[in-house]
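Asker: As input, take structure13.cif (mmCIF, C-alpha atoms):
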```cif
data_data
#
loop_
_atom_site.label_atom_id
_atom_site.label_comp_id
_atom_site.auth_asym_id
_atom_site.auth_seq_id
_atom_site.Cartn_x
_atom_site.Cartn_y
_atom_site.Cartn_z
CA MET A 1323 -37.71 -146.92 178.57
CA PRO A 1324 -39.55 -148.83 181.33
CA SER A 1325 -38.60 -152.31 180.05
CA ASP A 1326 -34.93 -151.25 179.82
CA ARG A 1327 -35.04 -149.94 183.39
CA ARG A 1328 -36.61 -153.16 184.66
CA SER A 1329 -34.04 -155.23 182.81
CA ALA A 1330 -31.14 -153.08 184.13
CA LEU A 1331 -32.46 -153.37 187.70
CA LEU A 1332 -32.76 -157.12 187.35
CA ARG A 1333 -29.25 -157.39 185.91
CA SER A 1334 -27.79 -155.43 188.81
CA THR A 1335 -29.50 -157.53 191.47
CA LEU A 1336 -29.66 -160.97 189.89
CA ASP A 1337 -26.53 -162.21 191.65
CA LEU A 1338 -28.02 -161.31 195.05
CA LEU A 1339 -31.38 -162.83 194.09
CA VAL A 1340 -29.70 -166.09 193.08
CA LEU A 1341 -27.73 -166.15 196.35
CA ALA A 1342 -30.94 -165.46 198.29
CA SER A 1343 -32.67 -168.32 196.43
CA LEU A 1344 -30.05 -170.72 197.75
CA VAL A 1345 -30.47 -169.85 201.43
CA ASP A 1346 -32.83 -172.78 202.05
CA GLY A 1347 -30.63 -175.33 200.35
CA GLU A 1348 -29.05 -176.36 197.10
CA ARG A 1349 -30.81 -176.02 193.74
CA TYR A 1350 -30.04 -176.92 190.15
CA GLY A 1351 -30.18 -174.32 187.38
CA TYR A 1352 -33.65 -174.88 185.98
CA GLU A 1353 -35.07 -175.06 189.48
CA LEU A 1354 -33.51 -171.65 190.25
CA ALA A 1355 -34.96 -170.18 187.04
CA GLN A 1356 -38.42 -171.40 188.06
CA GLN A 1357 -38.02 -170.06 191.58
CA LEU A 1358 -37.05 -166.62 190.27
CA GLU A 1359 -40.00 -166.63 187.87
CA ALA A 1360 -42.41 -167.68 190.64
CA ALA A 1361 -41.12 -164.75 192.74
CA GLY A 1362 -42.35 -162.39 190.01
CA LEU A 1363 -39.03 -161.64 188.36
CA GLY A 1364 -40.06 -162.96 184.96
CA ARG A 1365 -38.29 -165.56 182.94
CA VAL A 1366 -34.51 -165.60 183.41
CA LYS A 1367 -33.02 -167.28 180.37
CA GLY A 1368 -30.36 -169.97 180.65
CA GLY A 1369 -28.02 -167.74 178.63
CA THR A 1370 -28.08 -165.27 181.55
CA LEU A 1371 -28.40 -167.65 184.48
CA TYR A 1372 -25.62 -170.17 183.83
CA PRO A 1373 -22.80 -167.69 183.09
CA LEU A 1374 -23.86 -165.87 186.29
CA LEU A 1375 -23.71 -169.13 188.26
CA ALA A 1376 -20.28 -169.82 186.74
CA ARG A 1377 -19.09 -166.36 187.89
CA LEU A 1378 -20.47 -166.92 191.39
CA GLU A 1379 -18.71 -170.28 191.46
CA ALA A 1380 -15.39 -168.78 190.27
CA SER A 1381 -15.74 -166.17 193.04
CA GLU A 1382 -16.41 -169.01 195.52
CA LEU A 1383 -19.77 -167.55 196.51
CA VAL A 1384 -21.49 -170.77 195.47
CA ALA A 1385 -20.15 -174.32 195.27
CA ALA A 1386 -21.29 -176.64 192.51
CA THR A 1387 -21.63 -180.40 192.71
CA TRP A 1388 -22.19 -182.58 189.68
CA ARG A 1389 -24.46 -185.53 190.32
CA THR A 1390 -25.45 -188.25 187.93
CA GLY A 1391 -29.05 -189.15 188.47
CA GLU A 1392 -32.27 -190.70 187.34
CA HIS A 1393 -33.26 -187.64 185.33
CA GLY A 1394 -30.65 -187.88 182.60
CA PRO A 1395 -26.89 -187.67 182.26
CA GLY A 1396 -26.53 -185.55 185.39
CA ARG A 1397 -27.26 -182.27 187.12
CA ARG A 1398 -25.17 -179.52 188.58
CA TYR A 1399 -26.41 -178.48 192.03
CA TYR A 1400 -25.44 -175.12 193.50
CA ALA A 1401 -25.09 -174.37 197.20
CA LEU A 1402 -24.33 -171.18 199.06
CA THR A 1403 -20.83 -171.00 200.57
CA PRO A 1404 -20.02 -169.08 203.79
CA GLY A 1405 -18.51 -166.35 201.56
CA GLY A 1406 -21.72 -166.22 199.53
CA ARG A 1407 -23.78 -165.91 202.69
CA GLU A 1408 -21.59 -163.00 203.81
CA VAL A 1409 -21.88 -161.19 200.47
CA LEU A 1410 -25.63 -161.75 200.50
CA ARG A 1411 -25.92 -160.28 203.99
CA ASP A 1412 -23.67 -157.25 203.39
CA GLU A 1413 -24.69 -156.33 199.86
CA GLY A 1414 -28.30 -157.26 200.52
CA ARG A 1415 -28.38 -154.74 203.39
CA GLY A 1416 -26.93 -152.09 201.08
CA TRP A 1417 -29.65 -152.81 198.56
CA LEU A 1418 -32.41 -152.59 201.19
CA ARG A 1419 -31.07 -149.21 202.34
CA LEU A 1420 -31.16 -147.99 198.75
CA ASP A 1421 -34.65 -149.43 198.36
CA ASP A 1422 -35.82 -147.50 201.47
CA ALA A 1423 -34.44 -144.24 200.09
CA VAL A 1424 -35.97 -144.81 196.64
CA ARG A 1425 -39.36 -145.71 198.14
CA SER A 1426 -39.32 -142.67 200.37
CA LEU A 1427 -38.61 -140.28 197.50
CA LEU A 1428 -41.10 -141.93 195.15
CA THR A 1429 -43.81 -141.86 197.82
CA ARG A 1430 -43.09 -138.17 198.45
CA GLY A 1431 -43.42 -137.72 194.68
CA GLY A 1432 -46.96 -139.09 194.81
CA VAL A 1433 -46.22 -142.60 193.55
CA THR A 1434 -48.47 -145.15 195.22
CA MET B 1347 -31.34 -175.80 165.29
CA THR B 1348 -31.89 -179.01 167.25
CA THR B 1349 -30.56 -179.44 170.78
CA GLU B 1350 -28.13 -182.06 169.53
CA GLU B 1351 -26.73 -179.72 166.87
CA TYR B 1352 -26.45 -176.92 169.42
CA LEU B 1353 -24.63 -179.12 171.94
CA THR B 1354 -22.22 -180.32 169.25
CA ASP B 1355 -21.42 -176.74 168.24
CA LEU B 1356 -21.11 -175.69 171.88
CA ALA B 1357 -18.69 -178.56 172.61
CA VAL B 1358 -16.47 -177.46 169.71
CA GLN B 1359 -16.53 -173.82 170.86
CA LEU B 1360 -15.76 -174.68 174.50
CA HIS B 1361 -12.90 -176.94 173.43
CA ALA B 1362 -11.50 -174.20 171.18
CA LEU B 1363 -11.50 -171.85 174.20
CA GLY B 1364 -9.45 -174.34 176.19
CA LEU B 1365 -11.95 -175.52 178.80
CA ASP B 1366 -10.99 -178.88 180.21
CA GLN B 1367 -12.92 -181.99 179.25
CA ARG B 1368 -14.68 -182.41 182.60
CA ARG B 1369 -15.92 -178.82 182.62
CA ILE B 1370 -17.11 -179.15 179.00
CA GLU B 1371 -19.08 -182.29 179.89
CA GLU B 1372 -20.69 -180.52 182.86
CA VAL B 1373 -21.59 -177.44 180.82
CA LEU B 1374 -23.14 -179.62 178.11
CA GLY B 1375 -24.98 -181.76 180.67
CA GLU B 1376 -26.35 -178.69 182.42
CA VAL B 1377 -27.51 -177.09 179.17
CA ASP B 1378 -29.05 -180.36 177.97
CA ASP B 1379 -30.92 -180.78 181.25
CA HIS B 1380 -32.19 -177.18 181.09
CA LEU B 1381 -33.41 -177.53 177.50
CA VAL B 1382 -35.12 -180.85 178.20
CA GLU B 1383 -36.96 -179.40 181.23
CA GLY B 1384 -37.98 -176.18 179.52
CA GLY B 1385 -38.54 -177.53 176.03
CA ASP B 1386 -37.05 -174.33 174.64
CA ASP B 1387 -35.24 -173.58 171.42
CA PRO B 1388 -31.52 -173.62 172.32
CA VAL B 1389 -30.52 -170.46 170.46
CA THR B 1390 -33.47 -168.46 171.85
CA GLU B 1391 -32.80 -169.68 175.38
CA LEU B 1392 -29.00 -169.52 175.45
CA GLY B 1393 -27.90 -167.40 172.50
CA PRO B 1394 -25.54 -168.55 169.73
CA ALA B 1395 -23.17 -171.32 170.89
CA ARG B 1396 -20.03 -169.21 170.32
CA GLU B 1397 -21.38 -166.34 172.48
CA TYR B 1398 -22.54 -168.72 175.18
CA ALA B 1399 -19.12 -170.42 175.24
CA LEU B 1400 -17.39 -167.03 175.54
CA ARG B 1401 -19.66 -166.03 178.45
CA ILE B 1402 -18.86 -169.29 180.26
CA GLN B 1403 -15.11 -168.81 179.64
CA ASP B 1404 -15.28 -165.18 180.73
CA ALA B 1405 -17.01 -166.23 183.96
CA ALA B 1406 -13.96 -168.27 184.95
CA VAL B 1407 -11.61 -165.29 184.63
CA ARG B 1408 -10.49 -164.25 188.10
CA GLU B 1409 -9.68 -160.68 189.02
CA GLY B 1410 -6.60 -160.23 191.18
CA THR B 1411 -3.92 -157.82 192.25
CA SER B 1412 -0.19 -158.30 191.90
CA ASP B 1413 2.73 -155.94 191.32
CA GLY B 1414 0.38 -153.15 192.36
CA ALA B 1415 -1.71 -153.70 189.21
CA GLU B 1416 -5.09 -155.25 188.50
CA TRP B 1417 -4.78 -158.54 186.64
CA GLN B 1418 -7.25 -161.04 185.32
CA HIS B 1419 -6.24 -164.68 185.62
CA TRP B 1420 -7.28 -167.58 183.44
CA ALA B 1421 -5.97 -171.11 183.12
CA PHE B 1422 -6.79 -173.54 180.35
CA ARG B 1423 -5.76 -176.96 179.28
CA ALA B 1424 -4.83 -177.73 175.71
CA ASP B 1425 -2.94 -180.30 173.68
CA ALA B 1426 -0.14 -180.27 171.12
CA TRP B 1427 -2.67 -180.11 168.27
CA ALA B 1428 -4.62 -177.14 169.50
CA GLU B 1429 -2.53 -175.08 171.85
CA MET B 1430 -0.67 -172.85 169.36
CA ASN B 1431 -3.88 -171.70 167.65
CA LEU B 1432 -5.34 -171.00 171.04
CA LEU B 1433 -2.22 -169.15 172.23
CA GLU B 1434 -2.21 -167.04 169.07
CA HIS B 1435 -5.83 -166.09 169.67
CA LEU B 1436 -5.46 -165.47 173.41
CA GLY B 1437 -2.16 -163.62 172.89
CA ARG B 1438 -3.86 -161.15 170.56
CA GLU B 1439 -6.50 -160.66 173.27
CA GLY B 1440 -3.78 -159.66 175.74
CA TRP B 1441 -3.32 -162.95 177.62
CA GLU B 1442 0.23 -163.56 178.80
CA VAL B 1443 1.27 -167.11 179.73
CA ILE B 1444 3.01 -167.01 183.10
CA GLU B 1445 3.36 -170.74 183.69
CA VAL B 1446 2.82 -174.05 181.91
CA ARG B 1447 1.86 -176.65 184.48
CA ARG B 1448 1.69 -180.41 184.23
CA ASP B 1449 -0.82 -181.84 181.77
CA ALA B 1450 -0.46 -178.84 179.45
CA HIS B 1451 -2.23 -176.50 181.86
CA PHE B 1452 -1.50 -172.95 180.73
CA ALA B 1453 -1.81 -170.26 183.42
CA CYS B 1454 -2.29 -166.78 181.97
CA ARG B 1455 -2.86 -163.26 183.11
CA ARG B 1456 -4.13 -160.12 181.40
CA HIS B 1457 -3.94 -156.54 182.56
CA ALA B 1458 -7.50 -155.48 183.38
CA VAL B 1459 -7.11 -151.91 182.12
CA ASP B 1460 -4.36 -151.93 179.51
CA PRO B 1461 -3.89 -155.43 178.03
CA GLN B 1462 -0.83 -155.85 175.80
CA PRO B 1463 -0.92 -158.38 172.96
CA TRP B 1464 1.57 -161.26 173.07
CA ALA B 1465 3.09 -163.60 170.49
CA TYR B 1466 4.06 -167.21 171.20
CA ARG B 1467 6.43 -169.77 169.74
CA ARG B 1468 6.83 -173.45 170.50
CA ARG B 1469 10.05 -175.38 170.04
CA ALA B 1470 10.29 -179.15 170.41
CA SER B 1471 13.72 -180.01 171.74
CA MET B 1472 15.62 -182.38 173.98
CA ARG B 1473 18.24 -179.67 174.55
CA PRO B 1474 16.27 -177.01 176.36
CA ARG B 1475 19.26 -174.87 177.30
CA ARG B 1476 20.54 -174.56 173.73
CA THR B 1477 17.02 -173.95 172.41
CA GLY B 1478 16.45 -171.37 175.12
CA ASP B 1479 19.67 -169.54 174.25
CA GLU B 1480 18.72 -169.45 170.56
CA MET B 1481 15.26 -168.12 171.24
CA GLU B 1482 16.37 -165.61 173.85
CA GLY B 1483 18.86 -164.28 171.30
CA GLN B 1484 15.83 -163.35 169.19
CA GLY B 1485 14.06 -161.63 172.04
CA TRP B 1486 11.82 -164.54 173.09
CA VAL B 1487 11.30 -165.19 176.80
CA PRO B 1488 10.71 -168.74 178.08
CA CYS B 1489 7.27 -169.16 179.65
CA GLY B 1490 7.04 -172.90 180.28
CA THR B 1491 7.73 -176.45 179.23
CA TRP B 1492 5.45 -179.40 178.65
CA ILE B 1493 7.16 -182.75 177.91
CA VAL B 1494 9.55 -181.77 175.06
CA PHE B 1495 7.66 -178.64 174.07
CA HIS B 1496 9.23 -175.38 175.17
CA TYR B 1497 7.08 -172.26 175.00
CA PHE B 1498 8.32 -168.72 174.48
CA LYS B 1499 6.59 -165.37 174.51
CA ARG B 1500 7.34 -161.81 173.53
CA PRO B 1501 5.18 -158.73 173.08
CA LEU B 1502 3.41 -158.84 169.73
CA ALA B 1503 4.74 -155.36 169.00
CA ALA B 1504 8.29 -156.82 168.95
CA THR B 1505 7.21 -159.55 166.51
CA ALA B 1506 5.29 -157.43 164.00
#
```
Go through the file and emit its structure as structure tokens.

Answerer:
Amino acid sequence: MPSDRRSALLRSTLDLLVLASLVDGERYGYELAQQLEAAGLGRVKGGTLYPLLARLEASELVAATWRTGEHGPGRRYYALTPGGREVLRDEGRGWLRLDDAVRSLLTRGGVT
Amino acid sequence: MTTEEYLTDLAVQLHALGLDQRRIEEVLGEVDDHLVEGGDDPVTELGPAREYALRIQDAAVREGTSDGAEWQHWAFRADAWAEMNLLEHLGREGWEVIEVRRDAHFACRRHAVDPQPWAYRRRASMRPRRTGDEMEGQGWVPCGTWIVFHYFKRPLAATA
């Protein structure tokens, strides 16, 4: 089903999309969710986003800093690590190559 | 369910899974901040507290290789009131304690492909050698000490 395919595609690329969203600087969770939504990816729920961020942190692809602030008890800010930048570059290239191949076949199949 | 009720439930679930106090506070703070900004219903946005806590715990499990095998690694902190319940639960899930560090920090591993269930016993003793000999005579293997608490493990199959 189309919605299942879209959701599976998003699941398989969400880690790279989160890493890419951190290239310009650190973000907190809700900010990332909004950024992903504004990019046209739809609403990524907290129940998906935060466990993913925790996995990226455990893999040392992002580093988290807890800051107490004016907005409430505190916020957790995420920043890309050098390892995260490397994974983004390498796996992102792999994804773009796949995207090229998929586009080429779909275009040949008459999809516009 | 209100945000306050959800956060209370989530705190209990995270504690039961052995996350340390600082991490629990950060998880709760992050969730609270997210729910305040989005104005969403907590269960709709995050799922039931137990499932959310399990996803957060699962995210901290590291994959690694040792002895030529694929292992998952997980460390948690517990106390003398909670740790045996937690060890019983984690042991059934295939987690083997490989070290008990200072401050009741339990380092565990689990085979990624073929996890074996483990059983645990705790003995409080000022005579660790004698206690160790007694337990080893029954097939228990020492896996760590915290203050006067000595922890032993053996495959659950040997206990049943």

Asker: Please, which residues of chain A lie no more than 10 Å from chain B when the count uses all atoms listed in the file, and can they be set out as a PDB file with C-alpha atoms, keeping the file's coordinate frame?

Answerer:
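Output contents, as saved in out_13.pdb:
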```pdb
ATOM      1  CA  TYR A1350     -30.040-176.920 190.150  1.00  0.00           C
ATOM      2  CA  GLY A1351     -30.180-174.320 187.380  1.00  0.00           C
ATOM      3  CA  TYR A1352     -33.650-174.880 185.980  1.00  0.00           C
ATOM      4  CA  GLU A1353     -35.070-175.060 189.480  1.00  0.00           C
ATOM      5  CA  ALA A1355     -34.960-170.180 187.040  1.00  0.00           C
ATOM      6  CA  GLN A1356     -38.420-171.400 188.060  1.00  0.00           C
ATOM      7  CA  VAL A1366     -34.510-165.600 183.410  1.00  0.00           C
ATOM      8  CA  LYS A1367     -33.020-167.280 180.370  1.00  0.00           C
ATOM      9  CA  GLY A1368     -30.360-169.970 180.650  1.00  0.00           C
ATOM     10  CA  GLY A1369     -28.020-167.740 178.630  1.00  0.00           C
ATOM     11  CA  THR A1370     -28.080-165.270 181.550  1.00  0.00           C
ATOM     12  CA  LEU A1371     -28.400-167.650 184.480  1.00  0.00           C
ATOM     13  CA  TYR A1372     -25.620-170.170 183.830  1.00  0.00           C
ATOM     14  CA  PRO A1373     -22.800-167.690 183.090  1.00  0.00           C
ATOM     15  CA  LEU A1374     -23.860-165.870 186.290  1.00  0.00           C
ATOM     16  CA  LEU A1375     -23.710-169.130 188.260  1.00  0.00           C
ATOM     17  CA  ALA A1376     -20.280-169.820 186.740  1.00  0.00           C
ATOM     18  CA  ARG A1377     -19.090-166.360 187.890  1.00  0.00           C
ATOM     19  CA  LEU A1378     -20.470-166.920 191.390  1.00  0.00           C
ATOM     20  CA  GLU A1379     -18.710-170.280 191.460  1.00  0.00           C
ATOM     21  CA  ALA A1380     -15.390-168.780 190.270  1.00  0.00           C
ATOM     22  CA  SER A1381     -15.740-166.170 193.040  1.00  0.00           C
ATOM     23  CA  THR A1387     -21.630-180.400 192.710  1.00  0.00           C
ATOM     24  CA  TRP A1388     -22.190-182.580 189.680  1.00  0.00           C
ATOM     25  CA  ARG A1389     -24.460-185.530 190.320  1.00  0.00           C
ATOM     26  CA  THR A1390     -25.450-188.250 187.930  1.00  0.00           C
ATOM     27  CA  HIS A1393     -33.260-187.640 185.330  1.00  0.00           C
ATOM     28  CA  GLY A1394     -30.650-187.880 182.600  1.00  0.00           C
ATOM     29  CA  PRO A1395     -26.890-187.670 182.260  1.00  0.00           C
ATOM     30  CA  GLY A1396     -26.530-185.550 185.390  1.00  0.00           C
ATOM     31  CA  ARG A1397     -27.260-182.270 187.120  1.00  0.00           C
ATOM     32  CA  ARG A1398     -25.170-179.520 188.580  1.00  0.00           C
ATOM     33  CA  TYR A1399     -26.410-178.480 192.030  1.00  0.00           C
TER      34      TYR A1399
END
```

Asker: Please evaluate the PyMOL selection byres ((chain B and resi 1476-1479) around 12) against the displayed coordinates and give the resulting residues as a list in words.

Answerer: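 Selected by the PyMOL selection byres ((chain B and resi 1476-1479) around 12) in this file: Arg1467, Arg1468, Arg1469, Ala1470, Ser1471, Met1472, Arg1473, Pro1474, Arg1475, Glu1480, Met1481, Glu1482, Gly1483, Gln1484, Gly1485, Trp1486, Val1487, Pro1488, Cys1489, Gly1490, Thr1491, Val1494, Phe1495, His1496, Tyr1497, Phe1498 and Lys1499 of chain B.
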
Asker: Output the residue selection produced by the PyMOL selection byres ((chain B and resi 1458-1463) around 6) on the file above, formatted as a PyMOL selection string.

Answerer: chain B and resi 1416-1418+1437-1438+1440+1456-1457+1464+1502

Asker: Might you spell out which residues the PyMOL selection byres ((chain A and resi 1384) around 8) would select in the displayed file, as a PyMOL selection string?

Answerer: chain A and resi 1341+1375+1378-1379+1381-1383+1385-1386+1400-1403+1406

Asker: Can you write out the residues you just picked, keeping C-alpha atoms, as a PDB file, keeping the file's coordinate frame?

Answerer:
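Saved the output as again.pdb:
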```pdb
ATOM      1  CA  LEU A1341     -27.730-166.150 196.350  1.00  0.00           C
ATOM      2  CA  LEU A1375     -23.710-169.130 188.260  1.00  0.00           C
ATOM      3  CA  LEU A1378     -20.470-166.920 191.390  1.00  0.00           C
ATOM      4  CA  GLU A1379     -18.710-170.280 191.460  1.00  0.00           C
ATOM      5  CA  SER A1381     -15.740-166.170 193.040  1.00  0.00           C
ATOM      6  CA  GLU A1382     -16.410-169.010 195.520  1.00  0.00           C
ATOM      7  CA  LEU A1383     -19.770-167.550 196.510  1.00  0.00           C
ATOM      8  CA  ALA A1385     -20.150-174.320 195.270  1.00  0.00           C
ATOM      9  CA  ALA A1386     -21.290-176.640 192.510  1.00  0.00           C
ATOM     10  CA  TYR A1400     -25.440-175.120 193.500  1.00  0.00           C
ATOM     11  CA  ALA A1401     -25.090-174.370 197.200  1.00  0.00           C
ATOM     12  CA  LEU A1402     -24.330-171.180 199.060  1.00  0.00           C
ATOM     13  CA  THR A1403     -20.830-171.000 200.570  1.00  0.00           C
ATOM     14  CA  GLY A1406     -21.720-166.220 199.530  1.00  0.00           C
TER      15      GLY A1406
END
```

Asker: By how many Å are atom CA of Gln1359 of chain B and atom CA of Arg1396 of chain B apart?

Answerer: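 Between atom CA of Gln1359 of chain B and atom CA of Arg1396 of chain B the gap is 5.8 Å.
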
Asker: Quote the spacing between atom CA of Ala1342 of chain A and atom CA of Arg1407 of chain A in Å to one decimal place.

Answerer: 8.4 Å

Asker: In Å, rounded to a single decimal, give me how far atom CA of Asp1355 of chain B is from atom CA of Val1443 of chain B.

Answerer: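 Taking atom CA of Val1443 of chain B as the start and atom CA of Asp1355 of chain B as the end point, the length is 27.2 Å.
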
Asker: Within 12 Å of Leu1432 of chain B, counting only C-alpha atoms, which residues show up once you throw out same-chain ones fewer than 2 positions away? Write them as a VMD selection string, please.

Answerer: chain B and resid 1359 to 1365 1422 to 1430 1434 to 1439 1441 1443 1452 1465 to 1467
